[in-house]
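J.: The structure's right below; bear with me while I get my questions together.
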Amino acid sequence: MALSNTLSLSSSKSLVQSHLHNNPSPQPHFTLFPNGRRHPIFAVHAAEPAKTSSSTVKQGGKWNLDSWKSKKALQLPEYPDEKELESVLKTLESNPPLVFAGEARSLEEKLGEAALGKAFLLQGGDCAESFKEFNANNIRDTFRILLQMSVVLMFGGQVPVIKVGRMAGQFAKPRSDPFEEINGVKLPSYKGDNINGDTFDEKSRIPDPHRLIRAYMQSAATLNLLRAFATGGYAAMQRVTEWNLDFVENSEQGDRYQELAHRVDEALGFMAAAGLTIDHPIMSTTDFWTSHECLLLPYEQALTREDSTSGLFYDCSAHMIWVGERTRQLDGAHVEFLRGVANPLGIKVSQKMDPNELIKLIDILNPANKPGRITVIVRMGAENMRVKLPHLVRAVRGAGQIVTWVCDPMHGNTIKAPCGLKTRAFDSILAEVRAFFDVHEQEGSHPGGIHLEMTGQNVTECIGGSRTVTYDDLGSRYHTHCDPRLNASQSLELAFIVAERLRRRRMATQRL
């Protein structure tokens, strides 16, 4: 299990106890590696805030926790009271880390396998987490649909599926316009619940540093519940037939999933009859990691710790963090911060990315060319994917750089519906995924994963899918605080389509 169970905060204790009471499966021994090679993680690995900010990056010159402040920082809020902000940041610096260095290293190893085509990344969750919708059921349902999708993908691809949630920290959102205007009233844009409120009034839109504390506590509670689900028996493969969400059950995707789940169940029965144990931790637990965009640098710095075993710095707000399209400037503050932390990193890339610039950015963030360190998350729409991605793949390959290529089919396909709401068409999302696989097939490179904005809730935010959501349906269950998400049915439908592409790829490889 990738999420250590050493961190237990009172804010989520009752949720975890409730789940464990209802799911009394014995708690397995915690291990990073289910094959029995135990690498214990001690809290000191990442629990000590760096008392000295100086550090040396082996390649790239001097780096320290504050060096990003000497660079131009985009998308950061302007807090009205700097002293209040500093007080909050000091509190965060003294708090326990949310994740640990050893966990991040384990994820990096897995992503290195995906870069070589030996694993597949499934990364998904909310566009932006919110304080209002924070509850155990929502966390469970998103975790559950990710479990279902991973089974579908693993069955089709016959490779391990790396499950990473956009959870437990994905609050802040970059905005194209710093201001929003409604009926002639102009106010600062909503930037995420950890910065300001979404209510359109002057008080709500003022950045409030105390929201950082609430975001930290919510992230800790979310991690604790995910940890209980992943190691407490809920994710046991024997329960594969029980993971269907109620509203997906009586649908084409639900039926397809149940058919697959019964096949898995029969295979488990065969294993038991043959005397092969199904009580091994690999069958009763699962690895699950967390990720978010590295946007709010003061918060990220406050949760950065020096690992006592390696001397490296890790951003302990999440296992994996990524730099966005709007903040990936080579000489910018976000790149400066990220080059000094040892977490696996993502780079969001659109059709605007120049191949030479991508090579330089990868070199800055991964000068040692370590597999698993860099995941390139491509988001550019189907047409651009076919035209632009081949040049990026060839440039990276020509430079000898090792990266994990991942498709984000969401951000390049946002449109405005006639009713004024933002939406995304399922067919456009699917077209981009197909283009991504086609390009890698043509280039002889590896499609390493998929990155989705999705939820386990029965929302109506993206149009299309087999259970067709129309423009007229958008207003009925449109709950997102930012961008539209795939609902559980649409997510599962996409997983089956991706699994078929993985199966075709596997069969073609076997014939060679």
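Residue numbering restarts at 1 in every chain; chains get A, B, ... in the order shown in the structure tokens, and ligands count up from 1 in that same order.
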I'd like the contact shell of stretch 375-392 of chain A - 8 Å cut-off, only C-alpha atoms, skipping same-chain residues fewer than 6 positions apart - returned as JSON, numbers by chain.

T.: {"A": [111, 344, 345, 346, 347, 348, 349, 350, 351, 354, 355, 358, 403, 404, 405, 406, 407, 408, 409, 410, 411, 412, 413, 428, 429, 431, 432, 433, 434, 435, 436, 439, 440, 443, 451]}

J.: Output C-alpha atoms for every residue in the selection just made, as a JSON list (two decimals), in the first residue's frame.

T.:
```json
[["chain", "number", "residue", "atom", "x", "y", "z"],
["A", 111, "LEU", "CA", 6.13, 5.23, -13.42],
["A", 344, "PRO", "CA", 7.91, 12.29, -9.54],
["A", 345, "LEU", "CA", 6.80, 15.27, -11.62],
["A", 346, "GLY", "CA", 4.27, 15.87, -14.35],
["A", 347, "ILE", "CA", 4.48, 18.44, -17.14],
["A", 348, "LYS", "CA", 1.22, 19.55, -18.76],
["A", 349, "VAL", "CA", 1.80, 20.12, -22.47],
["A", 350, "SER", "CA", -0.52, 21.69, -25.06],
["A", 351, "GLN", "CA", -0.19, 22.30, -28.80],
["A", 354, "ASP", "CA", 7.82, 23.85, -28.86],
["A", 355, "PRO", "CA", 9.78, 20.56, -29.02],
["A", 358, "LEU", "CA", 10.18, 20.63, -23.92],
["A", 403, "VAL", "CA", 9.61, 10.10, -20.02],
["A", 404, "THR", "CA", 6.20, 8.56, -19.41],
["A", 405, "TRP", "CA", 3.72, 9.78, -22.05],
["A", 406, "VAL", "CA", 0.19, 10.33, -20.73],
["A", 407, "CYS", "CA", -2.98, 11.59, -22.42],
["A", 408, "ASP", "CA", -5.18, 14.25, -20.80],
["A", 409, "PRO", "CA", -8.20, 14.30, -23.15],
["A", 410, "MET", "CA", -10.15, 16.74, -21.01],
["A", 411, "HIS", "CA", -8.56, 20.19, -21.13],
["A", 412, "GLY", "CA", -8.31, 20.50, -24.90],
["A", 413, "ASN", "CA", -12.02, 19.79, -25.35],
["A", 428, "SER", "CA", -14.23, 14.59, -28.50],
["A", 429, "ILE", "CA", -12.59, 13.09, -25.43],
["A", 431, "ALA", "CA", -11.24, 11.05, -30.32],
["A", 432, "GLU", "CA", -8.25, 12.53, -28.49],
["A", 433, "VAL", "CA", -7.56, 9.25, -26.68],
["A", 434, "ARG", "CA", -7.63, 7.37, -29.98],
["A", 435, "ALA", "CA", -5.31, 9.93, -31.58],
["A", 436, "PHE", "CA", -2.89, 9.52, -28.65],
["A", 439, "VAL", "CA", 0.50, 8.43, -32.69],
["A", 440, "HIS", "CA", 2.41, 6.17, -30.31],
["A", 443, "GLU", "CA", 6.11, 6.33, -33.64],
["A", 451, "HIS", "CA", -5.24, 11.56, -16.97]]
```

J.: Counting only C-alpha atoms, which residues of stretch 354-455 of chain A sit at most 10 Å from some atom of stretch 472-496 of chain A, and what is each one's closest atom pair with its distance in Å to one decimal, listed by chain and rising residue number, as CSV?

T.:
```
residue,atom,partner,partner_atom,distance
A:Met410,CA,A:Arg485,CA,8.3
A:His411,CA,A:Asp483,CA,8.7
A:Thr414,CA,A:Pro484,CA,8.1
A:Ile415,CA,A:Pro484,CA,9.8
A:Ala417,CA,A:Leu474,CA,8.7
A:Pro418,CA,A:Asp472,CA,9.2
A:Cys419,CA,A:Asp472,CA,8.3
A:Leu421,CA,A:Leu474,CA,7.8
A:Lys422,CA,A:Pro484,CA,6.5
A:Thr423,CA,A:Pro484,CA,5.4
A:Arg424,CA,A:Pro484,CA,6.7
A:Ala425,CA,A:Leu486,CA,9.6
A:Phe426,CA,A:Gln490,CA,7.7
A:Ile429,CA,A:Leu494,CA,8.9
A:Leu430,CA,A:Leu494,CA,7.2
A:Val433,CA,A:Leu494,CA,9.1
A:Ile450,CA,A:Ala495,CA,9.5
A:Leu452,CA,A:Leu486,CA,7.9
A:Glu453,CA,A:Arg485,CA,5.1
A:Met454,CA,A:Leu486,CA,4.5
A:Thr455,CA,A:Asn487,CA,5.4
```

J.: Once DSSP has gone over the backbone, tell me which residues of stretch 154-322 of chain A are in strand (DSSP E), as a list in words.

T.: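 Taking stretch 154-322 of chain A and keeping strand (DSSP E) gives Val161, Ile162, Lys163, Val164, Gly165, Arg166, Phe179, Glu180, Glu181, Ile182, Val185, Lys186, Leu187, Pro188, Trp289, Thr290, Ser291, His292, Glu293, Thr304, Arg305, Glu306, Phe313, Tyr314, Asp315, Met320, Ile321 and Trp322 of chain A.
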
J.: Using atom CA of A:Asp126 and atom CA of A:Arg140 as the two end points, give the distance in Å to one decimal.

T.: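 That distance, rounded to one decimal, is 13.0 Å.
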
J.: Compare A:Tyr299, A:Tyr79, A:Phe179, A:Trp243 by their minimum atom-to-atom distance to A:Ile206, counting only C-alpha atoms, and give me the closest one.

T.: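 Of all the options, A:Tyr79 lies closest to A:Ile206.
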
J.: Can you work out the spacing between atom CA of A:Arg144 and atom CA of A:Leu107 in Å, to one decimal?

T.: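 Going from atom CA of A:Arg144 over to atom CA of A:Leu107 covers 20.2 Å.
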
J.: With a distance cut-off of 9 Å and only C-alpha atoms, select the neighbouring residues of A:Leu361, excluding the residue or stretch itself and same-chain residues fewer than 4 positions from it, and output the selection as a ChimeraX atom specification.

T.: /A:328-330,335,347,356-357,365-366

J.: Could you turn the residues from that selection into a file that holds C-alpha atoms, as a PDB file, in the first residue's frame?

T.:
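As a result, out03.pdb now contains:
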```pdb
ATOM      1  CA  ARG A 328       5.890  25.981 -16.931  1.00  0.00           C
ATOM      2  CA  GLN A 329       8.158  28.870 -18.016  1.00  0.00           C
ATOM      3  CA  LEU A 330      11.796  27.734 -18.061  1.00  0.00           C
ATOM      4  CA  VAL A 335       9.975  25.276 -12.466  1.00  0.00           C
ATOM      5  CA  ILE A 347       4.484  18.439 -17.139  1.00  0.00           C
ATOM      6  CA  ASN A 356      13.066  22.261 -28.169  1.00  0.00           C
ATOM      7  CA  GLU A 357      11.497  23.969 -25.172  1.00  0.00           C
ATOM      8  CA  LEU A 365      13.706  18.955 -14.065  1.00  0.00           C
ATOM      9  CA  ASN A 366      15.469  15.646 -14.691  1.00  0.00           C
TER      10      ASN A 366
END
```

J.: Calculate how many Å separate atom CA of A:Met320 from atom CA of A:His446, rounding to one decimal.

T.: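 Interatomic distance, atom CA of A:Met320 to atom CA of A:His446: 20.4 Å.
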
J.: When distances are computed from only C-alpha atoms, which of A:Arg326, A:Thr91, A:Leu98, A:Pro77 shows the smallest separation from A:Pro188?

T.: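 Of A:Arg326, A:Thr91, A:Leu98, A:Pro77, the one nearest A:Pro188, counting only C-alpha atoms, is A:Pro77.
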
J.: Determine, counting only C-alpha atoms, which protein, DNA and RNA residues have an atom within 10 Å of an atom of A:Val264; residues of the same chain fewer than 2 positions away are not included. Present the result as a short mmCIF file (atom, residue, chain, number, x, y, z; two decimals) with C-alpha atoms, in the first residue's frame.

T.:
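That gives us result.cif:
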```
data_model
loop_
_atom_site.label_atom_id
_atom_site.label_comp_id
_atom_site.auth_asym_id
_atom_site.auth_seq_id
_atom_site.Cartn_x
_atom_site.Cartn_y
_atom_site.Cartn_z
CA VAL A 151 -9.55 -3.80 -13.23
CA PHE A 155 -7.60 -7.19 -17.74
CA MET A 237 -9.81 -8.45 -5.43
CA GLN A 238 -12.37 -10.90 -4.02
CA VAL A 240 -14.48 -7.08 -7.47
CA THR A 241 -18.16 -7.88 -8.10
CA GLN A 258 -20.22 -7.31 -14.07
CA GLU A 259 -19.40 -9.77 -16.85
CA LEU A 260 -15.68 -8.99 -16.51
CA ALA A 261 -15.90 -9.09 -12.70
CA HIS A 262 -17.43 -12.56 -12.80
CA GLU A 266 -13.97 -17.39 -11.52
CA ALA A 267 -10.20 -17.04 -11.93
CA LEU A 268 -9.86 -16.44 -8.19
CA GLY A 269 -11.97 -19.52 -7.52
CA PHE A 270 -9.72 -21.57 -9.77
#
```

J.: Would you write out, as a Markdown table, a table of all residues in stretch 227-342 of chain A that have an atom no more than 6 Å from an atom of stretch 58-74 of chain A, listing for each the closest atom pair and the distance in Å to one decimal, considering only C-alpha atoms and ordering rows by chain and rising residue number?

T.:
```
| residue | atom | partner | partner_atom | distance |
| --- | --- | --- | --- | --- |
| A:Gly332 | CA | A:Lys72 | CA | 5.3 |
| A:Ala333 | CA | A:Trp68 | CA | 4.5 |
| A:Glu336 | CA | A:Trp68 | CA | 5.3 |
| A:Phe337 | CA | A:Trp68 | CA | 5.3 |
```

J.: Would you please work out which residue, of A:Gln123, A:Thr290, A:Ser204, A:Asn343, is nearest to A:Met167 when using only C-alpha atoms?

T.: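 Once distances to A:Met167 are computed over only C-alpha atoms, the minimum belongs to A:Thr290.
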
J.: Do you know which residues are at most 12 Å from A:His319 counting only C-alpha atoms, after dropping those on the same chain fewer than 5 positions away, and could you put them as a PyMOL selection string?

T.: chain A and resi 2-4+46+97-108+111+163-169+223+288-294+303-304+314+341-346+373

J.: Apply DSSP to the backbone of this structure and, from stretch 324-354 of chain A, keep only the residues in alpha helix (DSSP H); write these as a list in words.

T.: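 Secondary structure check on stretch 324-354 of chain A, alpha helix (DSSP H): Ala333, His334, Val335, Glu336, Phe337 and Leu338 of chain A.
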
J.: Taking 2 positions as the minimum chain separation for residues in the same chain, which residues sit within 12 Å of A:Ala302 when counting only C-alpha atoms? Answer as a PyMOL selection string.

T.: chain A and resi 47-51+53+65-66+85-98+212-213+216+296-300+304-306+313-317

J.: Excluding same-chain residues fewer than 5 positions from A:Thr222, what lies within 9 Å of it counting only C-alpha atoms, as JSON, numbers by chain?

T.: {"A": [12, 134, 135, 136, 139, 167, 168, 217, 227]}

J.: Quick one: write out the picked residues with C-alpha atoms as a short mmCIF file (atom, residue, chain, number, x, y, z; two decimals), in the first residue's frame?

T.:
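Written out: selection28.cif:
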```cif
data_model
loop_
_atom_site.label_atom_id
_atom_site.label_comp_id
_atom_site.auth_asym_id
_atom_site.auth_seq_id
_atom_site.Cartn_x
_atom_site.Cartn_y
_atom_site.Cartn_z
CA SER A 12 -10.95 11.68 9.90
CA PHE A 134 -16.17 16.94 1.19
CA ASN A 135 -17.69 13.76 2.62
CA ALA A 136 -16.86 10.08 2.96
CA ILE A 139 -14.30 9.96 -1.60
CA MET A 167 -7.31 13.89 -4.61
CA ALA A 168 -6.23 15.08 -1.16
CA MET A 217 -6.89 19.11 7.28
CA ARG A 227 -5.69 4.47 3.32
#
```
